[in-house]
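*Asks:* Just one file: work17.csv, with CSV, C-alpha atoms and all ligand atoms.
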```csv
chain,number,residue,atom,x,y,z
A,1,MET,CA,3.1,-23.4,0.6
A,2,HIS,CA,2.2,-24.8,-2.8
A,3,LEU,CA,2.2,-22.5,-5.8
A,4,GLU,CA,-1.5,-23.3,-6.4
A,5,GLU,CA,-2.3,-21.8,-3.0
A,6,LEU,CA,-0.8,-18.6,-4.3
A,7,GLY,CA,-2.9,-18.6,-7.4
A,8,TRP,CA,-0.6,-20.5,-9.8
A,9,ASN,CA,-2.5,-22.4,-12.5
A,10,SER,CA,-2.0,-24.0,-15.9
A,11,TYR,CA,-2.0,-20.6,-17.6
A,12,PHE,CA,1.1,-19.5,-15.8
A,13,ALA,CA,2.7,-23.0,-15.9
A,14,SER,CA,2.4,-22.9,-19.7
A,15,HIS,CA,4.6,-19.8,-19.8
A,16,TYR,CA,7.2,-21.1,-17.3
A,17,VAL,CA,10.8,-21.1,-18.6
A,18,ASN,CA,13.2,-21.5,-15.8
A,19,GLY,CA,14.0,-20.1,-12.4
A,20,THR,CA,11.9,-19.9,-9.2
A,21,PRO,CA,8.3,-18.8,-9.7
A,22,GLY,CA,6.9,-16.4,-7.2
A,23,ARG,CA,4.0,-14.0,-6.8
A,24,VAL,CA,4.6,-10.3,-6.2
A,25,ALA,CA,2.8,-9.4,-2.9
A,26,LEU,CA,4.0,-5.9,-2.7
A,27,ALA,CA,5.8,-3.6,-5.1
A,28,THR,CA,7.5,-0.3,-4.5
A,29,ARG,CA,9.7,1.4,-7.1
A,30,LYS,CA,12.7,-0.7,-6.5
A,31,HIS,CA,11.8,-3.4,-4.0
A,32,PHE,CA,9.5,-6.3,-4.2
A,33,VAL,CA,8.1,-8.7,-1.7
A,34,VAL,CA,7.7,-12.0,-3.5
A,35,TRP,CA,6.0,-15.2,-2.3
A,36,THR,CA,7.5,-18.4,-3.4
A,37,GLU,CA,7.0,-22.1,-2.5
A,38,GLU,CA,9.9,-21.7,0.0
A,39,GLY,CA,8.4,-18.6,1.7
A,40,GLU,CA,8.6,-14.8,1.4
A,41,VAL,CA,11.6,-13.2,-0.2
A,42,GLU,CA,12.7,-9.6,-0.8
A,43,ALA,CA,13.7,-9.1,-4.4
A,44,THR,CA,14.9,-6.5,-6.8
A,45,ALA,CA,14.4,-6.4,-10.6
A,46,SER,CA,17.2,-7.5,-12.9
A,47,GLY,CA,19.0,-4.8,-14.9
A,48,ARG,CA,17.5,-6.1,-18.1
A,49,LEU,CA,14.0,-5.8,-16.7
A,50,ARG,CA,14.6,-2.3,-15.4
A,51,HIS,CA,15.4,-1.2,-18.8
A,52,LEU,CA,12.2,-2.6,-20.4
A,53,ASN,CA,9.9,-0.2,-18.7
A,54,THR,CA,6.8,-1.9,-20.1
A,55,LEU,CA,7.2,-5.0,-18.1
A,56,CYS,CA,7.8,-3.6,-14.6
A,57,PRO,CA,6.6,-6.1,-12.0
A,58,CYS,CA,3.5,-5.0,-10.2
A,59,VAL,CA,1.4,-6.4,-7.3
A,60,GLY,CA,-0.2,-9.6,-8.3
A,61,ASP,CA,2.3,-10.5,-11.0
A,62,TRP,CA,3.8,-13.9,-11.4
A,63,VAL,CA,7.6,-13.6,-11.8
A,64,LEU,CA,10.6,-15.8,-12.3
A,65,LEU,CA,13.5,-15.4,-9.9
A,66,ARG,CA,17.1,-15.9,-10.6
A,67,GLY,CA,18.9,-17.1,-7.5
A,68,GLN,CA,17.0,-16.0,-4.4
A,69,SER,CA,16.2,-12.4,-5.0
A,70,VAL,CA,16.5,-11.2,-8.5
A,71,ILE,CA,13.4,-10.9,-10.7
A,72,GLU,CA,14.4,-12.0,-14.1
A,73,SER,CA,11.1,-11.9,-15.9
A,74,VAL,CA,7.4,-11.2,-15.5
A,75,LEU,CA,5.0,-13.9,-16.8
A,76,PRO,CA,2.2,-12.8,-19.1
A,77,ARG,CA,-0.8,-11.5,-17.1
A,78,ARG,CA,-4.2,-13.1,-17.2
A,79,THR,CA,-5.8,-9.8,-16.2
A,80,GLU,CA,-4.4,-6.3,-16.0
A,81,LEU,CA,-6.0,-3.2,-14.3
A,82,LEU,CA,-5.0,-0.2,-16.3
A,83,ARG,CA,-5.6,3.5,-16.0
A,84,LYS,CA,-4.3,6.5,-17.8
A,85,SER,CA,-1.3,7.8,-15.9
A,86,PRO,CA,-2.2,11.0,-14.0
A,87,GLY,CA,-0.6,14.2,-15.2
A,88,LYS,CA,0.4,15.2,-18.7
A,89,GLY,CA,1.4,12.7,-21.4
A,90,VAL,CA,-0.3,9.7,-22.8
A,91,ARG,CA,0.8,6.8,-20.8
A,92,GLU,CA,-0.8,3.8,-19.2
A,93,GLN,CA,-0.3,2.8,-15.6
A,94,VAL,CA,-0.7,-0.8,-14.4
A,95,LEU,CA,-2.5,-0.8,-11.0
A,96,ALA,CA,-2.5,-4.5,-10.4
A,97,ALA,CA,-2.1,-7.8,-12.3
A,98,ASN,CA,-3.9,-11.1,-12.2
A,99,VAL,CA,-7.0,-9.9,-10.3
A,100,ASP,CA,-9.9,-12.3,-10.8
A,101,VAL,CA,-12.7,-10.3,-9.0
A,102,LEU,CA,-12.8,-6.6,-9.0
A,103,LEU,CA,-14.8,-5.2,-6.1
A,104,VAL,CA,-16.1,-1.8,-7.0
A,105,VAL,CA,-16.8,0.0,-3.7
A,106,ALA,CA,-19.2,2.9,-3.5
A,107,GLY,CA,-20.4,4.5,-0.3
A,108,LEU,CA,-24.2,5.2,0.0
A,109,ASP,CA,-23.6,8.6,1.4
A,110,GLY,CA,-23.5,12.1,-0.1
A,111,ASP,CA,-20.7,11.0,-2.4
A,112,TYR,CA,-22.7,8.3,-4.1
A,113,ASN,CA,-22.4,8.7,-7.9
A,114,PRO,CA,-23.7,6.2,-10.4
A,115,ARG,CA,-21.7,7.9,-13.2
A,116,ARG,CA,-18.4,7.3,-11.4
A,117,ILE,CA,-19.4,3.7,-10.8
A,118,GLU,CA,-19.9,3.2,-14.6
A,119,ARG,CA,-16.4,4.5,-15.1
A,120,TYR,CA,-15.0,1.8,-12.7
A,121,LEU,CA,-17.1,-0.8,-14.3
A,122,VAL,CA,-15.5,0.0,-17.7
A,123,LEU,CA,-12.1,-0.4,-16.2
A,124,ALA,CA,-13.1,-3.7,-14.6
A,125,ARG,CA,-14.5,-5.1,-17.9
A,126,ASP,CA,-11.4,-4.0,-19.8
A,127,SER,CA,-9.1,-5.7,-17.3
A,128,GLY,CA,-10.7,-9.1,-17.7
A,129,ALA,CA,-11.7,-9.4,-14.1
A,130,ARG,CA,-15.3,-10.1,-12.9
A,131,PRO,CA,-16.8,-7.0,-11.4
A,132,VAL,CA,-18.9,-7.0,-8.2
A,133,LEU,CA,-20.5,-3.8,-7.0
A,134,LEU,CA,-20.3,-3.3,-3.3
A,135,LEU,CA,-22.7,-0.6,-2.0
A,136,ASN,CA,-21.2,0.2,1.3
A,137,LYS,CA,-22.5,2.3,4.2
A,138,ALA,CA,-25.9,0.7,3.7
A,139,ASP,CA,-26.5,1.5,7.4
A,140,LEU,CA,-27.1,5.1,6.3
A,141,ARG,CA,-30.0,4.3,4.0
A,142,GLY,CA,-33.5,3.1,4.8
A,143,ASP,CA,-34.4,2.2,1.2
A,144,VAL,CA,-31.6,-0.3,0.5
A,145,THR,CA,-33.9,-2.5,-1.7
A,146,ASN,CA,-34.7,0.4,-4.0
A,147,VAL,CA,-31.0,1.4,-4.2
A,148,ILE,CA,-30.1,-2.1,-5.2
A,149,ARG,CA,-32.8,-2.2,-7.8
A,150,ALA,CA,-31.6,1.2,-9.2
A,151,ALA,CA,-28.0,-0.1,-9.3
A,152,GLY,CA,-29.2,-3.1,-11.3
A,153,GLN,CA,-30.3,-0.6,-14.0
A,154,PHE,CA,-27.0,1.1,-14.5
A,155,ALA,CA,-24.9,-2.0,-13.7
A,156,PRO,CA,-26.6,-4.6,-15.9
A,157,GLY,CA,-25.2,-8.1,-15.3
A,158,VAL,CA,-23.1,-7.1,-12.4
A,159,PRO,CA,-23.8,-8.7,-9.0
A,160,VAL,CA,-24.7,-6.0,-6.5
A,161,LEU,CA,-24.2,-6.4,-2.7
A,162,ALA,CA,-25.4,-3.9,-0.1
A,163,ILE,CA,-23.1,-4.0,2.9
A,164,SER,CA,-22.0,-2.1,6.0
A,165,ALA,CA,-18.3,-2.4,6.7
A,166,LEU,CA,-18.8,-0.4,9.8
A,167,ALA,CA,-21.6,-2.5,11.3
A,168,GLY,CA,-20.1,-5.6,9.8
A,169,TRP,CA,-23.0,-6.9,7.9
A,170,GLY,CA,-23.4,-8.2,4.4
A,171,LEU,CA,-19.7,-9.1,4.1
A,172,ASP,CA,-20.2,-12.9,4.5
A,173,GLU,CA,-21.5,-12.9,0.9
A,174,LEU,CA,-18.2,-11.7,-0.4
A,175,PRO,CA,-15.9,-14.7,-0.1
A,176,LYS,CA,-18.6,-16.7,-1.9
A,177,ARG,CA,-17.9,-14.6,-5.0
A,178,VAL,CA,-14.2,-15.4,-5.0
A,179,GLY,CA,-12.9,-18.9,-5.7
A,180,TRP,CA,-10.1,-20.7,-3.9
A,181,GLY,CA,-6.7,-19.3,-4.9
A,182,GLU,CA,-8.4,-16.4,-6.6
A,183,THR,CA,-7.5,-12.7,-6.1
A,184,ALA,CA,-10.0,-9.9,-5.4
A,185,ALA,CA,-9.2,-6.2,-5.4
A,186,LEU,CA,-11.0,-3.3,-3.8
A,187,ILE,CA,-11.3,-0.2,-6.0
A,188,GLY,CA,-13.3,3.0,-5.6
A,189,SER,CA,-13.2,6.6,-4.5
A,190,SER,CA,-11.3,7.6,-1.4
A,191,GLY,CA,-13.7,7.5,1.5
A,192,ALA,CA,-15.9,4.8,0.1
A,193,GLY,CA,-14.8,2.4,2.8
A,194,LYS,CA,-12.2,0.1,1.2
A,195,SER,CA,-9.8,0.1,4.1
A,196,THR,CA,-12.7,-0.5,6.5
A,197,ILE,CA,-13.7,-3.6,4.5
A,198,LEU,CA,-10.1,-4.9,4.4
A,199,ASN,CA,-9.9,-4.4,8.2
A,200,ARG,CA,-13.1,-6.3,8.6
A,201,PHE,CA,-11.6,-9.3,6.9
A,202,LEU,CA,-8.3,-9.0,8.7
A,203,GLY,CA,-10.4,-9.0,12.0
A,204,GLU,CA,-9.1,-8.3,15.4
A,205,ASP,CA,-7.0,-11.4,15.2
A,206,ARG,CA,-3.8,-10.4,13.6
A,207,GLN,CA,-2.9,-14.0,12.8
A,208,ARG,CA,-5.6,-14.1,10.2
A,209,THR,CA,-3.2,-12.6,7.7
A,210,ALA,CA,0.2,-13.7,6.4
A,211,SER,CA,1.6,-10.2,6.4
A,212,VAL,CA,0.4,-7.0,7.9
A,213,ARG,CA,3.1,-4.5,7.6
A,214,GLU,CA,1.6,-1.2,8.3
A,215,ARG,CA,-0.7,-0.3,11.1
A,216,ASP,CA,-1.7,3.1,12.4
A,217,SER,CA,-1.7,4.1,16.1
A,218,ARG,CA,-5.1,2.4,16.6
A,219,GLY,CA,-3.8,-0.9,15.2
A,220,ARG,CA,-5.8,-0.7,12.0
A,221,HIS,CA,-4.3,-1.8,8.7
A,222,THR,CA,-3.5,1.3,6.7
A,223,THR,CA,-2.8,0.7,3.1
A,224,THR,CA,-0.3,3.0,1.5
A,225,HIS,CA,1.0,0.4,-0.9
A,226,ARG,CA,-1.0,-2.0,-3.0
A,227,GLU,CA,-0.5,-5.3,-1.2
A,228,LEU,CA,-1.8,-8.8,-1.5
A,229,VAL,CA,-3.3,-10.2,1.7
A,230,ARG,CA,-4.1,-13.9,2.0
A,231,MET,CA,-7.3,-14.9,3.7
A,232,PRO,CA,-7.5,-18.1,5.7
A,233,GLU,CA,-10.1,-19.5,3.3
A,234,GLY,CA,-7.4,-19.4,0.6
A,235,TRP,CA,-8.3,-16.3,-1.4
A,236,PHE,CA,-6.5,-13.0,-1.7
A,237,LEU,CA,-7.7,-9.5,-1.1
A,238,MET,CA,-5.9,-6.3,-2.2
A,239,ASP,CA,-6.7,-2.7,-1.6
A,240,LEU,CA,-6.1,-0.2,-4.4
A,241,PRO,CA,-5.9,3.0,-2.4
A,242,GLY,CA,-5.0,6.5,-3.5
A,243,LEU,CA,-6.8,6.8,-6.8
A,244,ARG,CA,-7.8,10.4,-6.7
A,245,GLU,CA,-8.7,10.5,-10.3
A,246,LEU,CA,-9.6,7.6,-12.6
A,247,GLN,CA,-8.8,8.3,-16.1
A,248,LEU,CA,-9.6,5.4,-18.3
A,249,TRP,CA,-7.2,3.5,-20.4
A,250,ALA,CA,-9.4,1.0,-22.2
A,251,ASP,CA,-10.5,-0.2,-25.6
A,252,PRO,CA,-13.5,1.9,-26.7
A,253,GLU,CA,-15.3,-1.4,-27.4
A,254,GLN,CA,-15.2,-2.3,-23.7
A,255,ILE,CA,-17.7,0.4,-22.9
A,256,ASP,CA,-20.5,-1.5,-24.6
A,257,ASP,CA,-20.5,-4.3,-22.0
A,258,THR,CA,-21.1,-1.8,-19.3
A,259,PHE,CA,-23.8,-0.1,-21.3
A,260,SER,CA,-25.3,-3.3,-22.7
A,261,ASP,CA,-28.8,-2.0,-22.1
A,262,ILE,CA,-28.3,1.0,-24.4
A,263,VAL,CA,-26.4,-1.0,-27.0
A,264,GLY,CA,-29.1,-3.6,-27.0
A,265,LEU,CA,-31.9,-1.0,-27.5
A,266,ALA,CA,-29.9,0.8,-30.2
A,267,ALA,CA,-30.1,-2.3,-32.4
A,268,GLY,CA,-33.9,-1.5,-32.6
A,269,CYS,CA,-33.5,2.1,-33.7
A,270,ARG,CA,-34.9,2.9,-37.2
A,271,PHE,CA,-31.6,4.5,-38.3
A,272,ARG,CA,-28.4,2.6,-38.1
A,273,ASP,CA,-26.4,5.7,-37.1
A,274,CYS,CA,-29.1,7.0,-34.8
A,275,SER,CA,-27.7,9.5,-32.3
A,276,HIS,CA,-30.7,8.8,-30.0
A,277,GLN,CA,-31.4,12.5,-29.8
A,278,HIS,CA,-34.5,13.4,-31.8
A,279,GLU,CA,-34.7,10.7,-34.6
A,280,PRO,CA,-38.1,9.2,-35.2
A,281,GLY,CA,-38.2,5.5,-34.3
A,282,CYS,CA,-35.5,5.7,-31.7
A,283,ALA,CA,-35.7,2.7,-29.5
A,284,VAL,CA,-33.4,4.2,-26.9
A,285,ARG,CA,-35.6,7.3,-26.4
A,286,ALA,CA,-38.7,5.1,-26.4
A,287,ALA,CA,-37.3,3.0,-23.6
A,288,ALA,CA,-36.8,6.2,-21.5
A,289,ILE,CA,-33.2,5.4,-20.6
A,290,ASP,CA,-32.0,7.6,-17.8
A,291,GLU,CA,-30.6,10.8,-19.4
A,292,GLY,CA,-27.6,10.9,-17.1
A,293,ARG,CA,-26.7,7.4,-18.1
A,294,LEU,CA,-27.0,8.1,-21.8
A,295,GLN,CA,-24.8,11.2,-21.4
A,296,SER,CA,-22.3,9.1,-19.4
A,297,TYR,CA,-22.2,6.6,-22.3
A,298,TYR,CA,-21.4,9.3,-24.8
A,299,LYS,CA,-18.8,11.0,-22.6
A,300,LEU,CA,-16.9,7.7,-22.0
A,301,LYS,CA,-17.0,6.9,-25.7
A,302,ARG,CA,-15.6,10.3,-26.5
A,303,GLU,CA,-13.0,10.1,-23.9
A,304,LEU,CA,-11.7,6.7,-25.1
A,305,ALA,CA,-11.9,7.8,-28.8
A,306,TYR,CA,-9.7,10.8,-27.9
A,307,LEU,CA,-7.3,8.5,-26.0
A,308,ASP,CA,-7.1,6.2,-29.0
A,309,ARG,CA,-6.3,9.2,-31.2
A,310,ASP,CA,-3.7,10.5,-28.8
A,311,ILE,CA,-2.0,7.1,-28.7
A,312,ASP,CA,-1.9,7.0,-32.5
A,313,VAL,CA,-0.4,10.5,-32.6
A,314,ARG,CA,2.2,9.6,-30.0
A,315,LEU,CA,3.1,6.4,-31.8
A,316,ALA,CA,3.5,8.3,-35.1
A,317,ARG,CA,5.7,10.8,-33.4
A,318,GLU,CA,7.8,8.1,-31.7
A,319,THR,CA,8.2,6.2,-34.9
A,320,LYS,CA,9.4,9.3,-36.7
A,321,ARG,CA,11.9,10.0,-33.9
A,322,ARG,CA,13.2,6.5,-34.1
A,323,CYS,CA,13.5,6.6,-37.8
A,324,LYS,CA,15.5,9.8,-37.6
A,325,ILE,CA,17.9,8.2,-35.1
A,326,ILE,CA,18.4,5.2,-37.3
A,327,GLU,CA,18.9,7.3,-40.4
A,328,ARG,CA,21.5,9.4,-38.6
A,329,GLU,CA,23.3,6.3,-37.4
A,330,MET,CA,23.3,4.8,-40.8
A,331,ARG,CA,24.8,8.0,-42.3
A,332,HIS,CA,27.4,8.0,-39.5
A,333,HIS,CA,28.4,4.4,-40.3
A,334,SER,CA,28.4,4.6,-44.0
A,335,PRO,CA,31.8,5.0,-45.6
B,1,LIG,N1,-21.7,4.8,8.1
B,1,LIG,C1,-20.7,4.1,7.6
B,1,LIG,N2,-19.5,4.6,7.5
B,1,LIG,C2,-18.5,3.8,7.0
B,1,LIG,C3,-18.7,2.5,6.6
B,1,LIG,N3,-17.6,2.0,6.1
B,1,LIG,C4,-16.6,3.0,6.2
B,1,LIG,N4,-17.2,4.1,6.8
B,1,LIG,C5,-16.5,5.3,7.1
B,1,LIG,O1,-16.1,6.0,6.0
B,1,LIG,C6,-14.8,6.6,6.2
B,1,LIG,C7,-13.8,6.2,5.1
B,1,LIG,O2,-13.5,4.9,5.2
B,1,LIG,P1,-12.2,4.2,4.6
B,1,LIG,O3,-12.3,2.7,4.9
B,1,LIG,O4,-11.0,4.9,5.2
B,1,LIG,O5,-12.4,4.5,3.1
B,1,LIG,P2,-11.3,4.3,1.9
B,1,LIG,O6,-10.7,5.6,1.6
B,1,LIG,O7,-12.1,3.8,0.7
B,1,LIG,O8,-10.3,3.3,2.4
B,1,LIG,C8,-14.4,6.3,7.6
B,1,LIG,O9,-14.7,7.3,8.4
B,1,LIG,C9,-15.2,5.0,7.9
B,1,LIG,O10,-15.4,4.9,9.3
B,1,LIG,C10,-20.0,2.0,6.7
B,1,LIG,O11,-20.4,0.8,6.3
B,1,LIG,N5,-21.0,2.8,7.2
B,2,MG,MG,-8.2,3.5,2.3
B,3,ZN,ZN,-31.8,5.8,-31.3
```
Represent the supplied structure as structure tokens.
Ligand SMILES: Nc1nc2c(ncn2[C@@H]2O[C@H](COP(=O)(O)OP(=O)(O)O)[C@@H](O)[C@H]2O)c(=O)[nH]1
Ligand SMILES: [Mg+2]
Ligand SMILES: [Zn+2]
*Replies:*
Amino acid sequence: MHLEELGWNSYFASHYVNGTPGRVALATRKHFVVWTEEGEVEATASGRLRHLNTLCPCVGDWVLLRGQSVIESVLPRRTELLRKSPGKGVREQVLAANVDVLLVVAGLDGDYNPRRIERYLVLARDSGARPVLLLNKADLRGDVTNVIRAAGQFAPGVPVLAISALAGWGLDELPKRVGWGETAALIGSSGAGKSTILNRFLGEDRQRTASVRERDSRGRHTTTHRELVRMPEGWFLMDLPGLRELQLWADPEQIDDTFSDIVGLAAGCRFRDCSHQHEPGCAVRAAAIDEGRLQSYYKLKRELAYLDRDIDVRLARETKRRCKIIEREMRHHSP
């Protein structure tokens, strides 16, 4: 298989040094499945790489292999899906690399929540991928046209598709959004229907996919790992399962793209620092922006501002610690 068929392009070529280029199709803590021109190989990370914890290979990455099975380096990523690592501490977690189209899946059932979708859209925008909103379980709703129209309000500029993965309709539109050699990833709350969508694309015919490693008793693809799956049309699909919480790790500026309607209106407020609460001449109030959406905008802004501050505090602490170590070592070595 040619590298281009795996998504290789001039960007990655410009960073090529030496070794065998390959794409990480599946990553666990220590083992990697890598696709190369010669085929699929099982690889491990080199000792050097394992000690640089920032550049741990993840699914979607382009890597350079030494010999047949040692990952020597990770090529710079074109896009990077990040979230704040769950639990205590201020740390980022890379969910996937080099995703071109991020499919934000939301189920049109009792769990439907525009505020959560906004959160995923901020992540998408920050990653550099193109977002597409998939409103799944449309079979449960009679008023799909209205739902799509409403989604257009809180997801300005984002293509919205209503689909039913269960009934199998609406999905034909999807491959048209993803170019040849491009990679799409499914993201969204548990239960939204991501696995059902992936199964639809895999179809009954198991030959459709290059690698299906895990199947449950009913023969369905069950994703426990994030894994690249190649579609016969030449694009890639990846499920990002198991995100029980999505804490953002993004540049606060990135919020503005997701809330471009509010930002656009705010330019017309009388006061430059308008809080859009009770000020006279407030264009945001005048436009009667949905209150929930406005609050969501503030909440995400605050969240990322706090994150920024925490990162600064942590960096300061880390720098201080390093300086102390260096000072101590210098004292140690001075005659
Ligand atoms: N009514 C309806 N149910 C669906 C649809 N897609 C998925 N489901 C159901 O929603 C549940 C969760 O689906 P799953 O694909 O496992 O969600 P995931 O957690 O996002 O992977 C399952 O019971 C599916 O059968 C759909 O289009 N319509
Ligand atoms: Mg799933
Ligand atoms: Zn205002």
*Asks:* Using atom CA of His2 of chain A and atom CA of Glu38 of chain A as the two end points, give the distance in Å to one decimal.
*Replies:* 8.8 Å
*Asks:* Measure the distance from atom CA of Glu4 of chain A to atom CA of Asp61 of chain A in Å and round it to one decimal.
*Replies:*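 These atoms are spaced 14.1 Å apart.
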*Asks:* Give me, please, the distance in Å between atom CA of Leu3 of chain A and atom CA of His51 of chain A, quoted to one decimal.
*Replies:*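 Going from atom CA of Leu3 of chain A over to atom CA of His51 of chain A, I get 28.2 Å.
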*Asks:* Looking at A:Pro252, A:Gly264, A:Gly110, A:Gly152, which one is nearest to ligand LIG 1 (chain B), with distances taken over only C-alpha atoms and all ligand atoms?
*Replies:*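 Nearest to ligand LIG 1 (chain B): A:Gly110.
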*Asks:* Go through the chains and note each residue within 6 Å of ligand MG 2 (chain B), using all atoms listed in the file, then give the set as a PDB file with C-alpha atoms, in the frame of the given file.
*Replies:*
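For reference, out_34.pdb as written:
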```
ATOM      1  CA  LYS A 194     -12.200   0.100   1.200  1.00  0.00           C
ATOM      2  CA  SER A 195      -9.800   0.100   4.100  1.00  0.00           C
ATOM      3  CA  PRO A 241      -5.900   3.000  -2.400  1.00  0.00           C
TER       4      PRO A 241
END
```
*Asks:* Neighbouring residues of segment 289-295 of chain A were defined as those with any atom within 8 Å, considering all atoms listed in the file; residues of the same chain fewer than 6 positions away were excluded. Please report them as a list in words.
*Replies:*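 With the cut-off at 8 Å, the set is Arg115, Phe154 and Ile262 of chain A.
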*Asks:* With distances taken over all atoms listed in the file, which residue among A:Glu227, A:Glu72, A:Asp109, A:Glu233 lies nearest Leu135 of chain A?
*Replies:*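 So, comparing all the options, the nearest one is A:Asp109.
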*Asks:* Select all residues near (-4.2, -2.6, -15.9) (cut-off 10 Å, inclusive, file coordinates), counting all atoms listed in the file, and output them as a PyMOL selection string.
*Replies:* chain A and resi 58+77+79-84+92-99+123-124+126-128+248-250
*Asks:* Report as a ChimeraX atom specification which protein, DNA and RNA residues come within 8 Å of ligand ZN 3 (chain B), using all atoms listed in the file.
*Replies:* /A:265-266,268-271,273-277,279,281-285
*Asks:* Skipping near chain neighbours, those fewer than 2 positions away, what residues fall within 6 Å of segment 157-171 of chain A using all atoms listed in the file, listed as an MDAnalysis selection string?
*Replies:* chainID A and resid 132:139 155 173:174 196:197
*Asks:* Closest to Asp239 of chain A among A:Gly60, A:Pro131, A:Gly87, A:Gly142, using all atoms listed in the file?
*Replies:*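 For Asp239 of chain A, the nearest of the candidates is A:Gly60.
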*Asks:* Between A:Val34, A:Leu198, A:Ala286, A:Val101, which is the closest to ligand LIG 1 (chain B) once you count all atoms listed in the file?
*Replies:*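 Answer, going by the shortest atom-to-atom distance: A:Leu198.
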*Asks:* Find the residue from A:Leu102, A:Leu65, A:Val147, A:Ala184 that sits nearest to Arg125 of chain A; use all atoms listed in the file when measuring.
*Replies:*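 Result for the nearest residue to Arg125 of chain A: A:Leu102.
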*Asks:* Is there a way to complete segment 106-124 of chain A with N, CA and C atoms and then write that out as a CSV table (one decimal), in the coordinates of the input?
*Replies:*
```csv
chain,number,residue,atom,x,y,z
A,106,ALA,N,-18.6,1.6,-3.5
A,106,ALA,CA,-19.2,2.9,-3.5
A,106,ALA,C,-19.9,3.1,-2.2
A,107,GLY,N,-19.8,4.3,-1.6
A,107,GLY,CA,-20.4,4.5,-0.3
A,107,GLY,C,-21.8,5.1,-0.6
A,108,LEU,N,-22.8,4.6,0.2
A,108,LEU,CA,-24.2,5.2,0.0
A,108,LEU,C,-24.4,6.4,0.9
A,109,ASP,N,-23.5,7.4,0.7
A,109,ASP,CA,-23.6,8.6,1.4
A,109,ASP,C,-23.7,9.7,0.4
A,110,GLY,N,-23.4,11.0,0.8
A,110,GLY,CA,-23.5,12.1,-0.1
A,110,GLY,C,-22.6,12.0,-1.4
A,111,ASP,N,-21.6,11.1,-1.3
A,111,ASP,CA,-20.7,11.0,-2.4
A,111,ASP,C,-21.1,10.0,-3.5
A,112,TYR,N,-22.3,9.4,-3.2
A,112,TYR,CA,-22.7,8.3,-4.1
A,112,TYR,C,-23.0,8.9,-5.6
A,113,ASN,N,-22.4,8.2,-6.5
A,113,ASN,CA,-22.4,8.7,-7.9
A,113,ASN,C,-22.4,7.6,-8.9
A,114,PRO,N,-23.6,7.3,-9.5
A,114,PRO,CA,-23.7,6.2,-10.4
A,114,PRO,C,-22.7,6.4,-11.6
A,115,ARG,N,-22.5,7.6,-12.0
A,115,ARG,CA,-21.7,7.9,-13.2
A,115,ARG,C,-20.3,7.5,-12.9
A,116,ARG,N,-19.8,7.7,-11.7
A,116,ARG,CA,-18.4,7.3,-11.4
A,116,ARG,C,-18.4,5.7,-11.3
A,117,ILE,N,-19.4,5.1,-10.9
A,117,ILE,CA,-19.4,3.7,-10.8
A,117,ILE,C,-19.3,3.1,-12.2
A,118,GLU,N,-20.0,3.7,-13.2
A,118,GLU,CA,-19.9,3.2,-14.6
A,118,GLU,C,-18.5,3.2,-15.1
A,119,ARG,N,-17.8,4.3,-14.7
A,119,ARG,CA,-16.4,4.5,-15.1
A,119,ARG,C,-15.5,3.3,-14.5
A,120,TYR,N,-15.7,3.0,-13.3
A,120,TYR,CA,-15.0,1.8,-12.7
A,120,TYR,C,-15.4,0.5,-13.3
A,121,LEU,N,-16.6,0.4,-13.7
A,121,LEU,CA,-17.1,-0.8,-14.3
A,121,LEU,C,-16.4,-1.0,-15.7
A,122,VAL,N,-16.2,0.1,-16.4
A,122,VAL,CA,-15.5,0.0,-17.7
A,122,VAL,C,-14.1,-0.5,-17.5
A,123,LEU,N,-13.5,0.0,-16.5
A,123,LEU,CA,-12.1,-0.4,-16.2
A,123,LEU,C,-12.1,-1.9,-15.8
A,124,ALA,N,-13.1,-2.3,-15.0
A,124,ALA,CA,-13.1,-3.7,-14.6
A,124,ALA,C,-13.3,-4.6,-15.8
```
